[in-house]
file work_18.txt (compact mmCIF, C-alpha atoms and all ligand atoms)
# COMPACT_ATOMS: atom_id res chain seq x y z
CA MET A 1 31.11 80.98 -20.18
CA ILE A 2 30.87 82.37 -23.73
CA THR A 3 33.57 84.49 -25.36
CA ALA A 4 33.60 85.65 -28.97
CA LYS A 5 36.52 87.61 -30.40
CA GLU A 6 35.95 89.34 -33.72
CA ILE A 7 33.90 86.53 -35.21
CA TYR A 8 32.51 86.53 -38.73
CA LEU A 9 29.54 84.31 -39.59
CA SER A 10 28.04 83.67 -43.02
CA TYR A 11 25.96 81.19 -44.99
CA ASP A 12 27.72 81.94 -48.27
CA LYS A 13 30.96 83.51 -49.40
CA ASN A 14 29.55 86.81 -50.54
CA ARG A 15 27.99 88.19 -47.39
CA PHE A 16 28.88 88.18 -43.71
CA ILE A 17 25.82 88.08 -41.46
CA ILE A 18 27.78 88.76 -38.24
CA LYS A 19 30.77 91.04 -38.71
CA LYS A 20 33.67 91.40 -36.30
CA GLY A 21 31.40 90.29 -33.45
CA SER A 22 32.81 90.27 -29.94
CA LEU A 23 31.02 89.44 -26.72
CA HIS A 24 31.67 88.06 -23.30
CA ILE A 25 28.98 86.32 -21.29
CA ARG A 26 29.84 85.25 -17.77
CA GLU A 27 28.47 82.25 -15.92
CA LYS A 28 25.01 82.85 -14.41
CA GLU A 29 24.33 85.99 -16.46
CA PHE A 30 20.92 86.64 -18.01
CA ILE A 31 21.37 88.16 -21.46
CA PHE A 32 18.79 89.60 -23.83
CA ILE A 33 19.73 90.01 -27.49
CA GLY A 34 17.60 92.42 -29.48
CA GLY A 35 17.70 93.89 -32.96
CA ASN A 36 15.66 94.17 -36.13
CA SER A 37 14.40 91.23 -38.16
CA GLY A 38 17.21 89.93 -40.34
CA SER A 39 19.94 91.61 -38.29
CA GLY A 40 21.61 88.27 -37.46
CA LYS A 41 20.27 87.29 -34.01
CA SER A 42 19.36 83.68 -34.85
CA THR A 43 22.60 83.32 -36.80
CA LEU A 44 24.65 84.44 -33.80
CA ILE A 45 23.00 82.05 -31.38
CA LYS A 46 23.27 79.16 -33.85
CA SER A 47 27.04 79.61 -33.67
CA LEU A 48 26.88 79.13 -29.88
CA TYR A 49 25.74 75.52 -30.23
CA GLY A 50 27.77 74.80 -33.34
CA ASP A 51 24.95 74.83 -35.86
CA ILE A 52 26.91 77.29 -38.00
CA GLY A 53 30.68 77.51 -38.12
CA LEU A 54 32.71 80.70 -37.91
CA LYS A 55 34.67 82.02 -40.83
CA HIS A 56 37.12 84.15 -38.84
CA GLY A 57 37.78 84.97 -35.22
CA GLU A 58 37.58 82.91 -32.08
CA LEU A 59 34.61 81.55 -30.17
CA PHE A 60 34.68 79.65 -26.88
CA VAL A 61 31.56 78.15 -25.32
CA ASP A 62 31.81 76.48 -21.92
CA GLY A 63 35.50 75.84 -22.45
CA HIS A 64 35.14 74.44 -25.96
CA LYS A 65 36.92 76.12 -28.85
CA MET A 66 34.17 76.16 -31.47
CA LYS A 67 36.37 76.46 -34.53
CA GLY A 68 37.10 72.91 -35.64
CA ILE A 69 35.28 71.32 -32.68
CA SER A 70 35.09 67.53 -33.03
CA ALA A 71 31.75 65.75 -33.36
CA SER A 72 32.15 64.10 -29.97
CA ASN A 73 32.99 67.37 -28.21
CA LEU A 74 30.05 69.04 -29.89
CA ARG A 75 27.77 66.28 -28.59
CA LYS A 76 29.18 66.84 -25.10
CA LEU A 77 28.67 70.59 -25.32
CA ARG A 78 25.09 70.21 -26.54
CA ARG A 79 24.26 68.06 -23.53
CA ASP A 80 25.05 71.08 -21.40
CA ILE A 81 22.85 73.41 -23.44
CA GLY A 82 19.06 73.67 -23.49
CA ILE A 83 17.82 75.18 -26.72
CA ILE A 84 14.43 76.77 -27.32
CA PHE A 85 13.91 77.29 -31.03
CA GLN A 86 11.91 80.00 -32.78
CA ASP A 87 9.73 77.22 -34.29
CA TYR A 88 9.67 74.84 -31.25
CA LYS A 89 11.02 71.74 -33.10
CA LEU A 90 8.96 69.24 -31.09
CA ILE A 91 8.51 65.66 -32.27
CA ASN A 92 4.92 65.40 -33.48
CA GLU A 93 4.72 61.61 -33.31
CA TRP A 94 5.39 61.65 -29.56
CA THR A 95 3.33 62.88 -26.63
CA ILE A 96 4.50 66.07 -24.98
CA GLU A 97 5.55 64.03 -21.95
CA GLU A 98 7.81 61.91 -24.20
CA ASN A 99 9.18 65.05 -25.85
CA ILE A 100 10.28 66.42 -22.48
CA MET A 101 11.78 63.05 -21.53
CA LEU A 102 14.06 63.06 -24.58
CA PRO A 103 17.00 65.14 -23.23
CA LEU A 104 16.87 63.17 -20.01
CA LYS A 105 17.08 59.86 -21.85
CA ILE A 106 19.97 61.21 -23.96
CA ASN A 107 21.74 62.11 -20.73
CA GLY A 108 21.37 58.59 -19.41
CA TYR A 109 18.52 58.95 -16.91
CA SER A 110 16.21 55.97 -16.38
CA SER A 111 12.68 56.01 -17.81
CA ASP A 112 11.21 56.32 -14.33
CA ILE A 113 13.26 59.36 -13.37
CA SER A 114 12.77 60.93 -16.80
CA ARG A 115 9.01 60.52 -16.56
CA LYS A 116 8.89 61.99 -13.05
CA GLN A 117 10.92 64.99 -14.13
CA ALA A 118 8.76 65.44 -17.27
CA LEU A 119 5.58 65.44 -15.18
CA ASN A 120 7.12 67.89 -12.74
CA LEU A 121 8.01 70.24 -15.59
CA LEU A 122 4.61 69.86 -17.21
CA SER A 123 3.07 71.14 -14.00
CA HIS A 124 5.51 74.08 -13.97
CA VAL A 125 4.41 75.08 -17.47
CA LYS A 126 0.75 74.53 -16.46
CA LEU A 127 0.16 71.67 -18.89
CA SER A 128 -0.33 68.66 -16.62
CA HIS A 129 -3.84 68.19 -18.03
CA ARG A 130 -2.39 67.78 -21.53
CA LYS A 131 0.33 65.22 -20.81
CA GLY A 132 -0.96 62.53 -23.21
CA TYR A 133 -1.42 65.01 -26.07
CA LYS A 134 0.83 65.29 -29.08
CA PRO A 135 2.32 68.70 -30.01
CA ASN A 136 0.04 69.26 -33.00
CA GLU A 137 -2.98 68.84 -30.73
CA LEU A 138 -1.89 71.90 -28.76
CA SER A 139 -1.98 75.64 -29.44
CA GLY A 140 1.20 77.49 -30.43
CA GLY A 141 1.56 78.95 -26.93
CA GLU A 142 1.15 75.53 -25.34
CA GLN A 143 3.74 74.03 -27.70
CA GLN A 144 6.19 76.80 -26.85
CA ARG A 145 5.73 76.04 -23.16
CA VAL A 146 6.50 72.36 -23.88
CA ALA A 147 9.65 73.46 -25.74
CA VAL A 148 10.72 75.48 -22.69
CA ALA A 149 10.09 72.52 -20.39
CA ARG A 150 12.15 70.28 -22.68
CA ALA A 151 15.05 72.75 -22.71
CA LEU A 152 15.09 72.81 -18.90
CA ALA A 153 14.57 69.08 -18.36
CA HIS A 154 18.18 67.95 -18.00
CA ASN A 155 19.29 70.93 -15.92
CA PRO A 156 21.64 72.39 -18.55
CA LYS A 157 24.41 74.89 -17.79
CA ILE A 158 23.26 77.25 -20.53
CA ILE A 159 19.83 77.95 -21.98
CA ILE A 160 19.68 79.51 -25.41
CA ALA A 161 16.26 80.73 -26.51
CA ASP A 162 15.24 82.26 -29.82
CA GLU A 163 12.13 84.42 -29.41
CA PRO A 164 10.62 82.11 -26.78
CA THR A 165 7.61 84.38 -26.35
CA GLY A 166 7.37 85.58 -29.96
CA ASN A 167 3.86 84.30 -30.63
CA LEU A 168 2.55 83.85 -27.13
CA ASP A 169 -0.33 85.53 -25.35
CA ASP A 170 0.41 87.41 -22.12
CA TYR A 171 -0.36 84.41 -19.92
CA SER A 172 1.97 82.00 -21.74
CA ALA A 173 4.67 84.66 -22.04
CA GLU A 174 4.56 85.19 -18.29
CA VAL A 175 4.86 81.43 -17.65
CA VAL A 176 7.91 81.29 -19.94
CA TRP A 177 9.63 84.36 -18.43
CA ASN A 178 9.05 83.07 -14.92
CA LEU A 179 10.59 79.71 -15.81
CA LEU A 180 13.64 81.32 -17.39
CA LYS A 181 14.05 83.68 -14.45
CA GLY A 182 13.78 80.77 -12.02
CA ALA A 183 16.31 78.74 -14.00
CA ASN A 184 18.73 81.66 -13.80
CA GLU A 185 18.14 82.79 -10.23
CA GLN A 186 17.51 79.52 -8.45
CA LEU A 187 19.57 77.08 -10.51
CA GLY A 188 22.31 79.48 -11.65
CA ILE A 189 21.82 78.61 -15.31
CA THR A 190 23.29 81.07 -17.80
CA VAL A 191 20.45 82.30 -20.05
CA VAL A 192 20.80 83.88 -23.50
CA VAL A 193 17.50 85.01 -24.99
CA VAL A 194 16.75 86.62 -28.32
CA THR A 195 13.71 88.82 -28.06
CA HIS A 196 12.29 91.84 -29.80
CA ARG A 197 10.75 93.07 -26.60
CA VAL A 198 12.40 92.95 -23.18
CA PRO A 199 9.58 92.45 -20.66
CA LYS A 200 8.82 95.35 -18.31
CA ASN A 201 9.64 95.05 -14.61
CA PHE A 202 11.64 91.90 -15.22
CA GLY A 203 12.65 91.72 -11.59
CA ILE A 204 16.09 90.17 -11.91
CA LYS A 205 19.44 91.48 -13.08
CA PHE A 206 20.09 91.20 -16.80
CA ARG A 207 22.29 92.60 -19.54
CA GLN A 208 21.16 93.65 -22.98
CA LEU A 209 22.91 93.34 -26.33
CA SER A 210 21.64 94.42 -29.70
CA ILE A 211 22.56 93.44 -33.23
CA GLU A 212 22.23 95.98 -35.99
CA ASP A 213 23.06 94.85 -39.48
CA GLY A 214 25.47 92.20 -38.23
CA ILE A 215 27.24 94.37 -35.66
CA ILE A 216 26.88 93.47 -31.97
CA TYR A 217 26.35 96.38 -29.57
CA GLU A 218 26.25 96.50 -25.81
CA VAL A 219 23.02 98.26 -24.78
CA SER A 220 23.20 98.05 -21.00
N1 LIG B 1 20.00 79.14 -43.78
C1 LIG B 1 20.29 80.33 -44.33
N2 LIG B 1 20.89 80.40 -45.54
C2 LIG B 1 21.22 81.60 -46.09
N3 LIG B 1 20.96 82.78 -45.51
C3 LIG B 1 20.35 82.78 -44.31
C4 LIG B 1 20.00 81.56 -43.66
N4 LIG B 1 19.42 81.86 -42.45
C5 LIG B 1 19.43 83.22 -42.39
N5 LIG B 1 19.98 83.76 -43.48
C6 LIG B 1 20.17 85.21 -43.72
O1 LIG B 1 20.90 85.78 -42.65
C7 LIG B 1 20.36 87.05 -42.30
C8 LIG B 1 20.13 87.08 -40.82
O2 LIG B 1 19.15 86.10 -40.49
P1 LIG B 1 18.80 85.72 -39.00
O3 LIG B 1 17.87 84.57 -39.06
O4 LIG B 1 20.04 85.59 -38.22
O5 LIG B 1 18.05 87.05 -38.55
P2 LIG B 1 17.27 87.40 -37.20
O6 LIG B 1 17.91 88.60 -36.63
O7 LIG B 1 17.19 86.18 -36.36
O8 LIG B 1 15.82 87.81 -37.74
P3 LIG B 1 14.35 87.53 -37.13
O9 LIG B 1 14.16 88.56 -36.05
O10 LIG B 1 13.46 87.78 -38.27
O11 LIG B 1 14.29 86.12 -36.63
C9 LIG B 1 19.11 87.24 -43.13
O12 LIG B 1 19.40 88.17 -44.14
C10 LIG B 1 18.83 85.89 -43.74
O13 LIG B 1 18.36 86.01 -45.03
MG MG B 2 15.60 84.92 -35.81

call {"tool": "encode", "arguments": {"input": "work_18.txt", "output": "structure tokens", "more": "lines below"}}
Ligand SMILES: Nc1ncnc2c1ncn2[C@@H]1O[C@H](COP(=O)(O)OP(=O)(O)OP(=O)(O)O)[C@@H](O)[C@H]1O
Ligand SMILES: [Mg+2]
result
Amino acid sequence: MITAKEIYLSYDKNRFIIKKGSLHIREKEFIFIGGNSGSGKSTLIKSLYGDIGLKHGELFVDGHKMKGISASNLRKLRRDIGIIFQDYKLINEWTIEENIMLPLKINGYSSDISRKQALNLLSHVKLSHRKGYKPNELSGGEQQRVAVARALAHNPKIIIADEPTGNLDDYSAEVVWNLLKGANEQLGITVVVVTHRVPKNFGIKFRQLSIEDGIIYEVS
């Protein structure tokens, strides 16, 4: 599903953030990526959806060669990926229901079906009672749960999440982990999650990678 061979990532010429990074993630795997702040975790996962290009090496995501990928192929790839950002990136002018409908609309679903699916997901993230609210009328934990619902809405092949429980209380974190586990176990979605802390007694099979100063290690 995702294969990187000796990739180098950087924002400027003078410093590589990811150095000689290799990894192989199979379909339906659940992967945790850990490592210290600034080690390159967000940078690595940005490369998986083409937000940062690679300087050297080879990267394949869902059959797409990422080096030199065309704009139209990148659009196609991103339709198959659900992304949960470290800072949510919700649209503040829209209700949370409309936010969750967005990926469905982009993928060509009718308004009726999109709305039904959004309401269904809102109940999964325990926010049905907030459906008419806008993101900035919600707490951080509630917004993160909306972001998770949005990432799942169009049934993507891959979910990429950057610290999805970083600033959540135990209740919200549990809701998020359960959703990601369900997506993986029941729907067979490949999940790649950056987190500082792997939850205890996770209950499903997973594999753990770590990044230290730009080098990717296999932990388990
Ligand atoms: N847009 C950018 N432009 C230039 N440098 C950047 C940019 N984003 C990140 N960096 C640098 O890349 C390095 C790795 O950052 P990255 O965001 O990948 O770390 P991280 O492991 O996700 O950290 P955290 O756990 O704090 O989120 C940092 O030294 C950072 O300063
Ligand atoms: Mg980060």

call {"tool": "closest_residue", "arguments": {"input": "work_18.txt", "among": "A:Ile100, A:Leu180, A:Ile158, A:Ile215", "to": "Phe202 in chain A", "atoms": "only C-alpha atoms"}}
result
A:Leu180

call {"tool": "closest_residue", "arguments": {"input": "work_18.txt", "among": "A:Leu121, A:Ile33, A:Leu9, A:Ala173", "to": "Gly57 in chain A", "atoms": "all atoms listed in the file"}}
result
A:Leu9

call {"tool": "closest_residue", "arguments": {"input": "work_18.txt", "among": "A:Asn73, A:Thr43, A:His196, A:Val191", "to": "Ile25 in chain A", "atoms": "only C-alpha atoms"}}
result
A:Val191

call {"tool": "atom_distance", "arguments": {"input": "work_18.txt", "atom1": "CA of Arg207 in chain A", "atom2": "CA of Ile31 in chain A"}}
result
4.9 Å

call {"tool": "residues_near_ligand", "arguments": {"input": "work_18.txt", "ligand": "ligand LIG 1 (chain B)", "cutoff": "9 Å", "atoms": "all atoms listed in the file", "output": "MDAnalysis selection string"}}
result
chainID A and resid 10:12 15:18 34:46 86 162:163 194:196 211:214

call {"tool": "atom_distance", "arguments": {"input": "work_18.txt", "atom1": "CA of Val176 in chain A", "atom2": "CA of Arg145 in chain A"}}
result
6.5 Å

call {"tool": "residues_around", "arguments": {"input": "work_18.txt", "residues": "Thr95 in chain A", "least_positions_apart": "5", "cutoff": "9 Å", "atoms": "all atoms listed in the file", "output": "ChimeraX atom specification"}}
result
/A:100,131-135

call {"tool": "write_last_selection", "arguments": {"input": "work_18.txt", "atoms": "C-alpha atoms", "output": "PDB file, in the frame of the given file"}}
result
ATOM      1  CA  ILE A 100      10.280  66.420 -22.480  1.00  0.00           C
ATOM      2  CA  LYS A 131       0.330  65.220 -20.810  1.00  0.00           C
ATOM      3  CA  GLY A 132      -0.960  62.530 -23.210  1.00  0.00           C
ATOM      4  CA  TYR A 133      -1.420  65.010 -26.070  1.00  0.00           C
ATOM      5  CA  LYS A 134       0.830  65.290 -29.080  1.00  0.00           C
ATOM      6  CA  PRO A 135       2.320  68.700 -30.010  1.00  0.00           C
TER       7      PRO A 135
END

call {"tool": "residues_around", "arguments": {"input": "work_18.txt", "residues": "Asn178 in chain A", "least_positions_apart": "5", "cutoff": "10 Å", "atoms": "only C-alpha atoms", "output": "number ranges by chain"}}
result
A: 124-125, 172-173, 183-184, 202-203

call {"tool": "residues_near_point", "arguments": {"input": "work_18.txt", "point": "(8.6, 65.5, -30.5)", "cutoff": "12 Å", "atoms": "all atoms listed in the file", "output": "PDB file with C-alpha atoms, keeping the file's coordinate frame"}}
result
ATOM      1  CA  TYR A  88       9.670  74.840 -31.250  1.00  0.00           C
ATOM      2  CA  LYS A  89      11.020  71.740 -33.100  1.00  0.00           C
ATOM      3  CA  LEU A  90       8.960  69.240 -31.090  1.00  0.00           C
ATOM      4  CA  ILE A  91       8.510  65.660 -32.270  1.00  0.00           C
ATOM      5  CA  ASN A  92       4.920  65.400 -33.480  1.00  0.00           C
ATOM      6  CA  GLU A  93       4.720  61.610 -33.310  1.00  0.00           C
ATOM      7  CA  TRP A  94       5.390  61.650 -29.560  1.00  0.00           C
ATOM      8  CA  THR A  95       3.330  62.880 -26.630  1.00  0.00           C
ATOM      9  CA  ILE A  96       4.500  66.070 -24.980  1.00  0.00           C
ATOM     10  CA  GLU A  97       5.550  64.030 -21.950  1.00  0.00           C
ATOM     11  CA  GLU A  98       7.810  61.910 -24.200  1.00  0.00           C
ATOM     12  CA  ASN A  99       9.180  65.050 -25.850  1.00  0.00           C
ATOM     13  CA  ILE A 100      10.280  66.420 -22.480  1.00  0.00           C
ATOM     14  CA  MET A 101      11.780  63.050 -21.530  1.00  0.00           C
ATOM     15  CA  LEU A 102      14.060  63.060 -24.580  1.00  0.00           C
ATOM     16  CA  PRO A 103      17.000  65.140 -23.230  1.00  0.00           C
ATOM     17  CA  TYR A 133      -1.420  65.010 -26.070  1.00  0.00           C
ATOM     18  CA  LYS A 134       0.830  65.290 -29.080  1.00  0.00           C
ATOM     19  CA  PRO A 135       2.320  68.700 -30.010  1.00  0.00           C
ATOM     20  CA  ASN A 136       0.040  69.260 -33.000  1.00  0.00           C
ATOM     21  CA  GLN A 143       3.740  74.030 -27.700  1.00  0.00           C
ATOM     22  CA  VAL A 146       6.500  72.360 -23.880  1.00  0.00           C
ATOM     23  CA  ALA A 147       9.650  73.460 -25.740  1.00  0.00           C
ATOM     24  CA  ARG A 150      12.150  70.280 -22.680  1.00  0.00           C
TER      25      ARG A 150
END

call {"tool": "atom_distance", "arguments": {"input": "work_18.txt", "atom1": "CA of Gln144 in chain A", "atom2": "CA of Lys157 in chain A"}}
result
20.4 Å

call {"tool": "closest_residue", "arguments": {"input": "work_18.txt", "among": "A:Ile84, A:Ala149, A:Ile106, A:Met1", "to": "ligand MG 2 (chain B)", "atoms": "only C-alpha atoms and all ligand atoms"}}
result
A:Ile84

call {"tool": "closest_residue", "arguments": {"input": "work_18.txt", "among": "A:Lys19, A:Lys5, A:Arg130, A:Lys105", "to": "Lys67 in chain A", "atoms": "all atoms listed in the file"}}
result
A:Lys5

call {"tool": "closest_residue", "arguments": {"input": "work_18.txt", "among": "A:Arg115, A:Val148, A:Lys55, A:Leu209", "to": "Asn14 in chain A", "atoms": "only C-alpha atoms"}}
result
A:Lys55

call {"tool": "axis_aligned_box", "arguments": {"input": "work_18.txt", "around": "range 196-206 of chain A", "padding_each_side": "4 Å", "output": "JSON"}}
result
{"center_x": 14.5, "center_y": 92.8, "center_z": -20.7, "size_x": 19.3, "size_y": 13.2, "size_z": 26.2}

call {"tool": "build_atoms", "arguments": {"input": "work_18.txt", "residues": "range 196-219 of chain A", "atoms": "N, CA and C atoms", "output": "JSON list (two decimals), in the frame of the given file"}}
result
[["chain", "number", "residue", "atom", "x", "y", "z"],
["A", 196, "HIS", "N", 12.51, 90.48, -29.29],
["A", 196, "HIS", "CA", 12.29, 91.84, -29.80],
["A", 196, "HIS", "C", 11.92, 92.79, -28.68],
["A", 197, "ARG", "N", 11.28, 92.21, -27.65],
["A", 197, "ARG", "CA", 10.75, 93.07, -26.60],
["A", 197, "ARG", "C", 11.17, 92.56, -25.23],
["A", 198, "VAL", "N", 12.01, 93.32, -24.55],
["A", 198, "VAL", "CA", 12.40, 92.95, -23.18],
["A", 198, "VAL", "C", 11.19, 93.23, -22.29],
["A", 199, "PRO", "N", 10.76, 92.23, -21.49],
["A", 199, "PRO", "CA", 9.58, 92.45, -20.66],
["A", 199, "PRO", "C", 9.81, 93.55, -19.62],
["A", 200, "LYS", "N", 8.72, 94.27, -19.31],
["A", 200, "LYS", "CA", 8.82, 95.35, -18.31],
["A", 200, "LYS", "C", 8.91, 94.75, -16.91],
["A", 201, "ASN", "N", 9.52, 95.48, -16.01],
["A", 201, "ASN", "CA", 9.64, 95.05, -14.61],
["A", 201, "ASN", "C", 10.09, 93.61, -14.50],
["A", 202, "PHE", "N", 11.21, 93.30, -15.13],
["A", 202, "PHE", "CA", 11.64, 91.90, -15.22],
["A", 202, "PHE", "C", 11.98, 91.32, -13.85],
["A", 203, "GLY", "N", 12.50, 92.16, -12.98],
["A", 203, "GLY", "CA", 12.65, 91.72, -11.59],
["A", 203, "GLY", "C", 13.97, 91.05, -11.25],
["A", 204, "ILE", "N", 14.76, 90.68, -12.24],
["A", 204, "ILE", "CA", 16.09, 90.17, -11.91],
["A", 204, "ILE", "C", 17.12, 90.92, -12.77],
["A", 205, "LYS", "N", 18.37, 90.79, -12.37],
["A", 205, "LYS", "CA", 19.44, 91.48, -13.08],
["A", 205, "LYS", "C", 19.65, 90.87, -14.46],
["A", 206, "PHE", "N", 19.81, 91.72, -15.46],
["A", 206, "PHE", "CA", 20.09, 91.20, -16.80],
["A", 206, "PHE", "C", 20.96, 92.18, -17.56],
["A", 207, "ARG", "N", 21.49, 91.72, -18.69],
["A", 207, "ARG", "CA", 22.29, 92.60, -19.54],
["A", 207, "ARG", "C", 21.71, 92.50, -20.94],
["A", 208, "GLN", "N", 21.82, 93.58, -21.68],
["A", 208, "GLN", "CA", 21.16, 93.65, -22.98],
["A", 208, "GLN", "C", 22.16, 93.92, -24.09],
["A", 209, "LEU", "N", 22.11, 93.11, -25.13],
["A", 209, "LEU", "CA", 22.91, 93.34, -26.33],
["A", 209, "LEU", "C", 21.96, 93.59, -27.49],
["A", 210, "SER", "N", 22.47, 94.20, -28.52],
["A", 210, "SER", "CA", 21.64, 94.42, -29.70],
["A", 210, "SER", "C", 22.48, 94.16, -30.94],
["A", 211, "ILE", "N", 21.85, 93.64, -31.97],
["A", 211, "ILE", "CA", 22.56, 93.44, -33.23],
["A", 211, "ILE", "C", 21.91, 94.33, -34.28],
["A", 212, "GLU", "N", 22.73, 95.14, -34.90],
["A", 212, "GLU", "CA", 22.23, 95.98, -35.99],
["A", 212, "GLU", "C", 23.05, 95.67, -37.22],
["A", 213, "ASP", "N", 22.39, 95.16, -38.22],
["A", 213, "ASP", "CA", 23.06, 94.85, -39.48],
["A", 213, "ASP", "C", 24.37, 94.08, -39.27],
["A", 214, "GLY", "N", 24.31, 93.08, -38.40],
["A", 214, "GLY", "CA", 25.47, 92.20, -38.23],
["A", 214, "GLY", "C", 26.51, 92.67, -37.23],
["A", 215, "ILE", "N", 26.30, 93.86, -36.66],
["A", 215, "ILE", "CA", 27.24, 94.37, -35.66],
["A", 215, "ILE", "C", 26.62, 94.23, -34.26],
["A", 216, "ILE", "N", 27.39, 93.68, -33.33],
["A", 216, "ILE", "CA", 26.88, 93.47, -31.97],
["A", 216, "ILE", "C", 27.20, 94.69, -31.10],
["A", 217, "TYR", "N", 26.16, 95.23, -30.46],
["A", 217, "TYR", "CA", 26.35, 96.38, -29.57],
["A", 217, "TYR", "C", 25.96, 96.01, -28.14],
["A", 218, "GLU", "N", 26.62, 96.64, -27.21],
["A", 218, "GLU", "CA", 26.25, 96.50, -25.81],
["A", 218, "GLU", "C", 25.22, 97.59, -25.52],
["A", 219, "VAL", "N", 24.03, 97.24, -25.04],
["A", 219, "VAL", "CA", 23.02, 98.26, -24.78],
["A", 219, "VAL", "C", 23.07, 98.68, -23.31]]
